file entry10.tsv (TSV, C-alpha atoms)
chain	number	residue	atom	x	y	z
A	1	MET	CA	-17.14	-57.11	73.80
A	2	SER	CA	-14.23	-56.74	71.39
A	3	ASP	CA	-11.40	-54.24	71.18
A	4	GLU	CA	-11.27	-54.58	67.39
A	5	ASP	CA	-12.08	-51.38	65.49
A	6	GLU	CA	-14.19	-51.25	62.34
A	7	GLU	CA	-11.25	-51.94	60.03
A	8	GLY	CA	-9.93	-54.76	62.22
A	9	ALA	CA	-6.69	-52.84	62.81
A	10	SER	CA	-6.22	-53.60	66.51
A	11	ASN	CA	-4.31	-56.81	67.32
A	12	ALA	CA	-5.76	-57.42	70.80
A	13	MET	CA	-9.36	-58.62	71.08
A	14	SER	CA	-11.35	-60.16	73.90
A	15	TRP	CA	-14.83	-61.53	74.48
A	16	GLU	CA	-16.78	-62.39	77.63
A	17	ILE	CA	-18.50	-65.72	77.09
A	18	GLY	CA	-22.18	-65.68	78.01
A	19	GLU	CA	-24.70	-68.51	78.36
A	20	GLU	CA	-25.92	-68.03	74.78
A	21	VAL	CA	-22.58	-69.12	73.28
A	22	ALA	CA	-21.28	-71.39	76.04
A	23	GLY	CA	-20.45	-74.85	74.72
A	24	GLN	CA	-19.45	-73.64	71.25
A	25	ARG	CA	-16.11	-74.68	69.79
A	26	VAL	CA	-13.47	-71.97	70.12
A	27	ASP	CA	-12.73	-71.92	66.38
A	28	LYS	CA	-16.40	-71.75	65.42
A	29	PHE	CA	-17.08	-68.92	67.86
A	30	LEU	CA	-14.16	-66.85	66.55
A	31	ALA	CA	-15.17	-67.48	62.94
A	32	GLY	CA	-18.48	-65.78	63.68
A	33	ALA	CA	-17.11	-63.09	66.00
A	34	ILE	CA	-14.28	-61.71	63.86
A	35	GLU	CA	-15.75	-59.24	61.37
A	36	ASP	CA	-12.80	-59.31	58.98
A	37	GLU	CA	-14.10	-61.44	56.09
A	38	SER	CA	-10.55	-62.05	54.83
A	39	VAL	CA	-9.83	-64.26	57.86
A	40	SER	CA	-10.66	-67.91	57.20
A	41	ARG	CA	-11.55	-70.56	59.74
A	42	SER	CA	-8.33	-72.43	58.93
A	43	GLN	CA	-6.38	-69.23	59.67
A	44	ILE	CA	-8.15	-68.99	63.03
A	45	GLN	CA	-7.28	-72.62	63.81
A	46	ASP	CA	-3.63	-71.88	63.05
A	47	TRP	CA	-3.73	-68.92	65.47
A	48	ILE	CA	-5.19	-71.16	68.16
A	49	ARG	CA	-2.53	-73.86	67.64
A	50	ASP	CA	0.21	-71.20	67.69
A	51	GLY	CA	-0.94	-69.92	71.09
A	52	HIS	CA	-2.47	-66.63	70.01
A	53	VAL	CA	-5.85	-67.57	71.52
A	54	ARG	CA	-6.48	-68.20	75.20
A	55	VAL	CA	-9.54	-68.98	77.28
A	56	GLY	CA	-9.31	-67.97	80.92
A	57	GLY	CA	-5.62	-67.30	80.34
A	58	LEU	CA	-4.94	-70.85	79.19
A	59	GLN	CA	-3.94	-72.09	75.76
A	60	VAL	CA	-6.62	-74.26	74.13
A	61	LYS	CA	-7.21	-76.46	71.08
A	62	PRO	CA	-9.46	-75.40	68.15
A	63	ASN	CA	-12.18	-77.88	69.19
A	64	ALA	CA	-12.21	-76.84	72.88
A	65	LYS	CA	-15.66	-75.90	74.22
A	66	LEU	CA	-16.20	-72.43	75.66
A	67	PRO	CA	-17.26	-72.33	79.33
A	68	SER	CA	-19.79	-69.72	80.44
A	69	GLY	CA	-18.30	-66.76	82.29
A	70	SER	CA	-14.84	-67.18	80.80
A	71	VAL	CA	-12.90	-64.59	78.84
A	72	LEU	CA	-11.55	-65.47	75.41
A	73	THR	CA	-8.58	-63.42	74.20
A	74	LEU	CA	-7.01	-63.22	70.77
A	75	ASN	CA	-3.67	-61.54	70.15
A	76	ARG	CA	-3.84	-61.42	66.39
A	77	PRO	CA	-0.40	-61.68	64.77
A	78	ASP	CA	0.64	-58.95	62.36
A	79	ALA	CA	0.08	-59.83	58.72
A	80	ALA	CA	2.97	-59.58	56.32
A	81	PRO	CA	2.85	-56.13	54.67
A	82	ILE	CA	1.38	-56.14	51.18
A	83	GLU	CA	1.18	-53.27	48.74
A	84	ALA	CA	-0.95	-53.20	45.61
A	85	GLN	CA	1.11	-52.87	42.45
A	86	PRO	CA	0.17	-51.15	39.16
A	87	GLU	CA	-0.98	-53.55	36.43
A	88	ASP	CA	-1.82	-52.80	32.81
A	89	ILE	CA	-5.47	-53.92	32.88
A	90	PRO	CA	-8.01	-52.22	30.58
A	91	LEU	CA	-10.60	-49.99	32.24
A	92	ASN	CA	-13.89	-48.67	30.89
A	93	VAL	CA	-13.55	-45.06	32.04
A	94	VAL	CA	-16.84	-43.15	32.17
A	95	TYR	CA	-15.46	-39.92	33.67
A	96	GLU	CA	-12.08	-38.67	34.83
A	97	ASP	CA	-10.48	-35.45	36.01
A	98	GLY	CA	-7.72	-34.50	38.45
A	99	ASP	CA	-9.76	-35.50	41.51
A	100	VAL	CA	-12.00	-38.42	40.67
A	101	ILE	CA	-12.41	-41.27	38.23
A	102	VAL	CA	-15.60	-43.22	37.48
A	103	ILE	CA	-15.43	-46.59	35.76
A	104	ASP	CA	-17.97	-49.12	34.50
A	105	LYS	CA	-16.79	-52.34	36.15
A	106	PRO	CA	-17.53	-55.61	34.38
A	107	ARG	CA	-18.92	-58.55	36.35
A	108	GLY	CA	-16.18	-60.76	37.81
A	109	PHE	CA	-13.69	-57.91	38.38
A	110	VAL	CA	-12.57	-57.76	42.05
A	111	VAL	CA	-12.32	-54.20	43.40
A	112	HIS	CA	-9.26	-54.43	45.65
A	113	PRO	CA	-6.59	-56.98	46.64
A	114	ALA	CA	-7.53	-59.50	49.33
A	115	PRO	CA	-6.59	-63.08	50.19
A	116	GLY	CA	-7.10	-65.11	47.03
A	117	HIS	CA	-6.99	-61.97	44.85
A	118	ALA	CA	-3.56	-60.44	45.38
A	119	SER	CA	-3.51	-58.97	41.88
A	120	GLY	CA	-5.69	-58.40	38.84
A	121	THR	CA	-8.07	-56.06	40.69
A	122	VAL	CA	-9.59	-52.66	39.96
A	123	VAL	CA	-7.04	-51.08	42.32
A	124	ASN	CA	-4.14	-52.59	40.38
A	125	ALA	CA	-5.63	-51.26	37.15
A	126	LEU	CA	-6.30	-47.79	38.62
A	127	LEU	CA	-2.73	-47.49	39.93
A	128	HIS	CA	-1.42	-48.12	36.40
A	129	HIS	CA	-3.98	-45.84	34.75
A	130	CYS	CA	-3.86	-42.91	37.20
A	131	GLY	CA	-0.34	-43.08	38.53
A	132	ASP	CA	-1.53	-42.09	42.01
A	133	LEU	CA	-4.61	-42.43	44.21
A	134	SER	CA	-5.66	-41.17	47.63
A	135	GLY	CA	-3.86	-42.85	50.52
A	136	ILE	CA	-6.64	-42.75	53.11
A	137	ASN	CA	-7.49	-46.44	52.77
A	138	GLY	CA	-3.89	-47.63	52.88
A	139	SER	CA	-1.72	-49.54	50.44
A	140	LEU	CA	-4.25	-52.28	49.59
A	141	ARG	CA	-7.26	-50.05	48.88
A	142	PRO	CA	-5.89	-46.71	47.67
A	143	GLY	CA	-8.57	-44.44	46.23
A	144	ILE	CA	-11.44	-46.82	47.02
A	145	VAL	CA	-14.32	-44.90	48.56
A	146	HIS	CA	-17.00	-47.57	48.09
A	147	ARG	CA	-17.15	-51.07	46.65
A	148	ILE	CA	-19.43	-53.14	44.51
A	149	ASP	CA	-19.30	-56.93	44.67
A	150	LYS	CA	-17.07	-58.92	42.37
A	151	ASP	CA	-20.22	-60.47	40.87
A	152	THR	CA	-21.93	-57.09	40.32
A	153	SER	CA	-21.33	-54.96	37.23
A	154	GLY	CA	-21.57	-51.19	36.96
A	155	LEU	CA	-20.39	-47.81	38.14
A	156	LEU	CA	-17.66	-47.31	40.70
A	157	MET	CA	-15.98	-44.06	41.75
A	158	ALA	CA	-12.44	-43.68	43.10
A	159	ALA	CA	-10.53	-40.73	44.56
A	160	LYS	CA	-7.23	-39.50	43.17
A	161	ASN	CA	-6.27	-37.49	46.26
A	162	ASP	CA	-7.16	-37.22	49.94
A	163	LEU	CA	-9.30	-34.09	49.49
A	164	ALA	CA	-11.53	-35.91	47.02
A	165	HIS	CA	-11.60	-39.05	49.15
A	166	ALA	CA	-12.72	-37.16	52.27
A	167	SER	CA	-15.47	-35.36	50.34
A	168	LEU	CA	-16.83	-38.49	48.67
A	169	ALA	CA	-16.69	-40.47	51.91
A	170	GLU	CA	-18.66	-37.75	53.70
A	171	GLN	CA	-21.29	-37.77	50.95
A	172	LEU	CA	-21.65	-41.53	51.34
A	173	LYS	CA	-21.99	-41.10	55.09
A	174	ASP	CA	-24.76	-38.51	54.80
A	175	HIS	CA	-26.56	-40.53	52.07
A	176	SER	CA	-26.29	-37.80	49.43
A	177	VAL	CA	-24.64	-40.10	46.87
A	178	THR	CA	-27.13	-41.50	44.34
A	179	ARG	CA	-26.68	-45.26	43.86
A	180	ARG	CA	-29.32	-47.03	41.79
A	181	TYR	CA	-29.11	-50.64	40.70
A	182	THR	CA	-31.09	-52.70	38.21
A	183	ALA	CA	-31.76	-56.34	39.10
A	184	LEU	CA	-33.67	-59.25	37.60
A	185	VAL	CA	-35.12	-61.33	40.42
A	186	TYR	CA	-36.99	-64.59	40.71
A	187	GLY	CA	-40.76	-64.53	41.22
A	188	ASN	CA	-43.46	-61.90	40.89
A	189	VAL	CA	-42.77	-59.00	43.26
A	190	PRO	CA	-46.31	-58.06	44.35
A	191	HIS	CA	-45.76	-54.41	45.33
A	192	ASP	CA	-44.92	-51.70	42.81
A	193	ARG	CA	-42.52	-50.10	45.28
A	194	GLY	CA	-41.36	-50.52	48.82
A	195	THR	CA	-38.59	-50.17	51.38
A	196	ILE	CA	-36.68	-52.98	53.04
A	197	ASP	CA	-35.45	-51.79	56.44
A	198	ALA	CA	-33.80	-54.85	57.97
A	199	PRO	CA	-30.45	-55.10	59.84
A	200	ILE	CA	-27.68	-57.14	58.28
A	201	GLY	CA	-24.96	-59.13	60.04
A	202	ARG	CA	-22.66	-62.04	59.33
A	203	ASP	CA	-24.29	-65.43	58.76
A	204	THR	CA	-23.21	-67.66	61.65
A	205	GLY	CA	-23.57	-70.73	59.41
A	206	ASP	CA	-21.15	-69.38	56.78
A	207	ARG	CA	-19.02	-66.41	57.75
A	208	LYS	CA	-18.40	-65.45	54.11
A	209	LEU	CA	-22.11	-64.66	53.79
A	210	PHE	CA	-24.46	-62.19	55.42
A	211	THR	CA	-28.06	-62.38	56.56
A	212	VAL	CA	-30.88	-60.36	58.12
A	213	THR	CA	-30.32	-60.69	61.85
A	214	GLU	CA	-30.37	-58.72	65.08
A	215	LYS	CA	-27.11	-60.24	66.31
A	216	GLY	CA	-24.05	-58.10	65.65
A	217	ALA	CA	-25.96	-56.35	62.86
A	218	LYS	CA	-26.00	-52.87	61.36
A	219	ARG	CA	-29.03	-51.04	60.02
A	220	ALA	CA	-29.56	-51.56	56.29
A	221	VAL	CA	-32.13	-49.82	54.09
A	222	THR	CA	-32.93	-50.60	50.45
A	223	HIS	CA	-35.70	-48.95	48.39
A	224	PHE	CA	-37.13	-50.81	45.40
A	225	THR	CA	-39.38	-50.00	42.44
A	226	VAL	CA	-40.77	-52.55	39.99
A	227	ILE	CA	-39.84	-51.75	36.39
A	228	GLU	CA	-41.33	-54.74	34.56
A	229	ARG	CA	-42.99	-58.05	35.45
A	230	PHE	CA	-42.66	-61.35	33.57
A	231	GLY	CA	-44.77	-63.58	35.81
A	232	ASP	CA	-41.99	-65.77	37.19
A	233	TYR	CA	-39.37	-63.01	37.04
A	234	THR	CA	-39.41	-59.28	37.91
A	235	LEU	CA	-37.12	-56.45	36.81
A	236	VAL	CA	-36.59	-53.99	39.67
A	237	GLU	CA	-34.67	-50.80	40.36
A	238	LEU	CA	-33.07	-50.60	43.78
A	239	GLN	CA	-31.70	-47.56	45.56
A	240	LEU	CA	-29.29	-47.89	48.46
A	241	GLU	CA	-29.74	-45.72	51.52
A	242	THR	CA	-27.02	-47.58	53.42
A	243	GLY	CA	-24.12	-49.58	51.98
A	244	ARG	CA	-23.68	-52.88	53.80
A	245	THR	CA	-21.76	-55.81	52.30
A	246	HIS	CA	-24.03	-57.82	49.94
A	247	GLN	CA	-26.93	-55.57	51.03
A	248	ILE	CA	-29.14	-55.83	47.95
A	249	ARG	CA	-28.55	-59.56	47.58
A	250	VAL	CA	-29.35	-60.22	51.25
A	251	HIS	CA	-32.44	-57.99	51.26
A	252	MET	CA	-33.89	-59.53	48.11
A	253	LYS	CA	-33.40	-62.99	49.57
A	254	TYR	CA	-35.10	-61.78	52.76
A	255	ILE	CA	-38.27	-60.81	50.88
A	256	GLY	CA	-38.23	-64.04	48.87
A	257	HIS	CA	-37.04	-62.67	45.52
A	258	THR	CA	-33.38	-63.59	45.09
A	259	ILE	CA	-31.36	-62.22	42.18
A	260	VAL	CA	-31.14	-64.36	39.05
A	261	GLY	CA	-27.77	-66.10	38.84
A	262	ASP	CA	-26.61	-65.06	42.33
A	263	PRO	CA	-23.93	-67.67	43.13
A	264	PHE	CA	-24.38	-67.45	46.92
A	265	TYR	CA	-27.88	-66.22	47.73
A	266	GLY	CA	-29.82	-67.30	44.63
A	267	GLY	CA	-30.57	-70.89	45.49
A	268	ARG	CA	-32.17	-71.66	42.11
A	269	SER	CA	-29.36	-73.04	39.97
A	270	GLY	CA	-30.24	-73.83	36.38
A	271	ARG	CA	-32.63	-70.89	35.94
A	272	THR	CA	-30.07	-68.26	34.97
A	273	LEU	CA	-31.53	-67.43	31.52
A	274	GLY	CA	-28.12	-67.98	29.96
A	275	MET	CA	-26.39	-65.39	32.14
A	276	GLN	CA	-22.80	-65.98	33.19
A	277	GLY	CA	-23.32	-64.51	36.64
A	278	GLN	CA	-25.84	-62.55	38.64
A	279	ALA	CA	-28.28	-60.06	37.15
A	280	LEU	CA	-27.33	-57.08	39.31
A	281	HIS	CA	-26.00	-53.89	37.74
A	282	ALA	CA	-24.98	-50.58	39.36
A	283	GLY	CA	-26.45	-48.47	36.60
A	284	VAL	CA	-26.69	-44.97	38.11
A	285	LEU	CA	-24.14	-43.08	40.23
A	286	GLY	CA	-24.38	-39.45	41.26
A	287	PHE	CA	-22.37	-37.22	43.60
A	288	ASP	CA	-21.20	-33.63	44.14
A	289	HIS	CA	-17.78	-32.98	42.66
A	290	PRO	CA	-15.38	-32.71	45.64
A	291	ARG	CA	-13.73	-29.52	44.36
A	292	SER	CA	-16.31	-27.65	42.27
A	293	GLY	CA	-19.47	-28.80	44.07
A	294	GLU	CA	-21.13	-29.50	40.70
A	295	ARG	CA	-23.63	-32.36	40.78
A	296	LEU	CA	-22.47	-35.19	38.53
A	297	LEU	CA	-24.72	-38.05	37.42
A	298	PHE	CA	-23.61	-41.05	35.37
A	299	GLU	CA	-25.43	-43.99	33.80
A	300	ALA	CA	-24.05	-47.28	32.49
A	301	PRO	CA	-25.93	-49.64	30.14
A	302	LEU	CA	-26.84	-53.16	31.20
A	303	PRO	CA	-24.37	-55.96	30.40
A	304	GLU	CA	-25.10	-57.77	27.12
A	305	ASP	CA	-26.11	-61.06	28.74
A	306	MET	CA	-28.58	-59.28	31.03
A	307	GLU	CA	-30.10	-57.47	28.03
A	308	HIS	CA	-30.32	-60.84	26.23
A	309	ALA	CA	-32.09	-62.42	29.23
A	310	LEU	CA	-34.65	-59.60	29.24
A	311	HIS	CA	-35.18	-59.99	25.48
A	312	MET	CA	-35.86	-63.71	26.00
A	313	LEU	CA	-38.45	-62.95	28.68
A	314	ARG	CA	-40.18	-60.31	26.58
A	315	THR	CA	-40.43	-62.50	23.48
A	316	ARG	CA	-41.13	-65.96	24.89

call {"tool": "encode", "arguments": {"input": "entry10.tsv", "output": "structure tokens"}}
result
Amino acid sequence: MSDEDEEGASNAMSWEIGEEVAGQRVDKFLAGAIEDESVSRSQIQDWIRDGHVRVGGLQVKPNAKLPSGSVLTLNRPDAAPIEAQPEDIPLNVVYEDGDVIVIDKPRGFVVHPAPGHASGTVVNALLHHCGDLSGINGSLRPGIVHRIDKDTSGLLMAAKNDLAHASLAEQLKDHSVTRRYTALVYGNVPHDRGTIDAPIGRDTGDRKLFTVTEKGAKRAVTHFTVIERFGDYTLVELQLETGRTHQIRVHMKYIGHTIVGDPFYGGRSGRTLGMQGQALHAGVLGFDHPRSGERLLFEAPLPEDMEHALHMLRTR
């Protein structure tokens, strides 16, 4: 349906318009169809006005309705080249050698540059701290093998060279990396443990968010274990089998137990227990060292406000 690859690198994309989407506005359709979350709807509207989008070979307006059986084409203009620059930003380094570095990322720290966050990211800090990182992910995401959300705290690994990057990426692909999270969620989770196996795709109502859906989705698997119950709250440990964007947050919403303080999926403002963000922490990270093969396992303590919230629940 689209010629775009997984990283959105190809400029030419096309879609055949079926009955299920016929009648949609061109801009709304593209906002849901383009998987690059850095592209805004206003950016898409500018592309349409500038003639980069055609329906049946003809230039259209953003509010034009899509006819069934037509072909929509987008010739995406090249973005201005951007390169992440080193910045002297403090890092909490948990482990470091010549191949890899593991940090404990505080909540609110964006991992790599993107629209709206051109600087002040983990990548900028790593470039200053390390001097060099692997180049596999390009100039905006050097060294970044996996991400955790801006609003999630905890452990993150990065590669200092291409050998390390390739090894760590392969371990993520074959699910041999240990990634365990601790989360405080709303409600009383009834089962002591379980597995959420539900595909995740972009939310057609808000393309910055994701949801459990069959449409344009990828398989997502999260395992959970209850650690402690507080009646109206539950502390859980979650282990990722796959690594989709917002996976834990989407899956917990899907089973009716959203994460306390989640700014997008929580839906229960005012019951944050004094936390300045969401109660989701990447507390355990384990992988085989890319050069020696030694198994490394790291743990990071909960953020202070999350510990305080738990203390409040235990002593109320």

call {"tool": "closest_residue", "arguments": {"input": "entry10.tsv", "among": "A:Ala159, A:Ile148, A:Val189, A:Val177", "to": "Arg291 of chain A", "atoms": "only C-alpha atoms"}}
result
A:Ala159

call {"tool": "closest_residue", "arguments": {"input": "entry10.tsv", "among": "A:Asp206, A:Asp149, A:Asp232, A:Glu170", "to": "Asn188 of chain A", "atoms": "all atoms listed in the file"}}
result
A:Asp232

call {"tool": "closest_residue", "arguments": {"input": "entry10.tsv", "among": "A:Glu241, A:Asp104, A:Glu16, A:Asp262", "to": "Pro301 of chain A", "atoms": "only C-alpha atoms"}}
result
A:Asp104

call {"tool": "closest_residue", "arguments": {"input": "entry10.tsv", "among": "A:Lys215, A:Gly23, A:Ile101, A:Val110", "to": "Gly69 of chain A", "atoms": "all atoms listed in the file"}}
result
A:Gly23

call {"tool": "atom_distance", "arguments": {"input": "entry10.tsv", "atom1": "atom CA of Gln43 of chain A", "atom2": "atom CA of Phe210 of chain A"}}
result
19.9 Å

call {"tool": "closest_residue", "arguments": {"input": "entry10.tsv", "among": "A:Gln59, A:Ser153, A:Ser42, A:Gln247", "to": "Asn92 of chain A", "atoms": "all atoms listed in the file"}}
result
A:Ser153
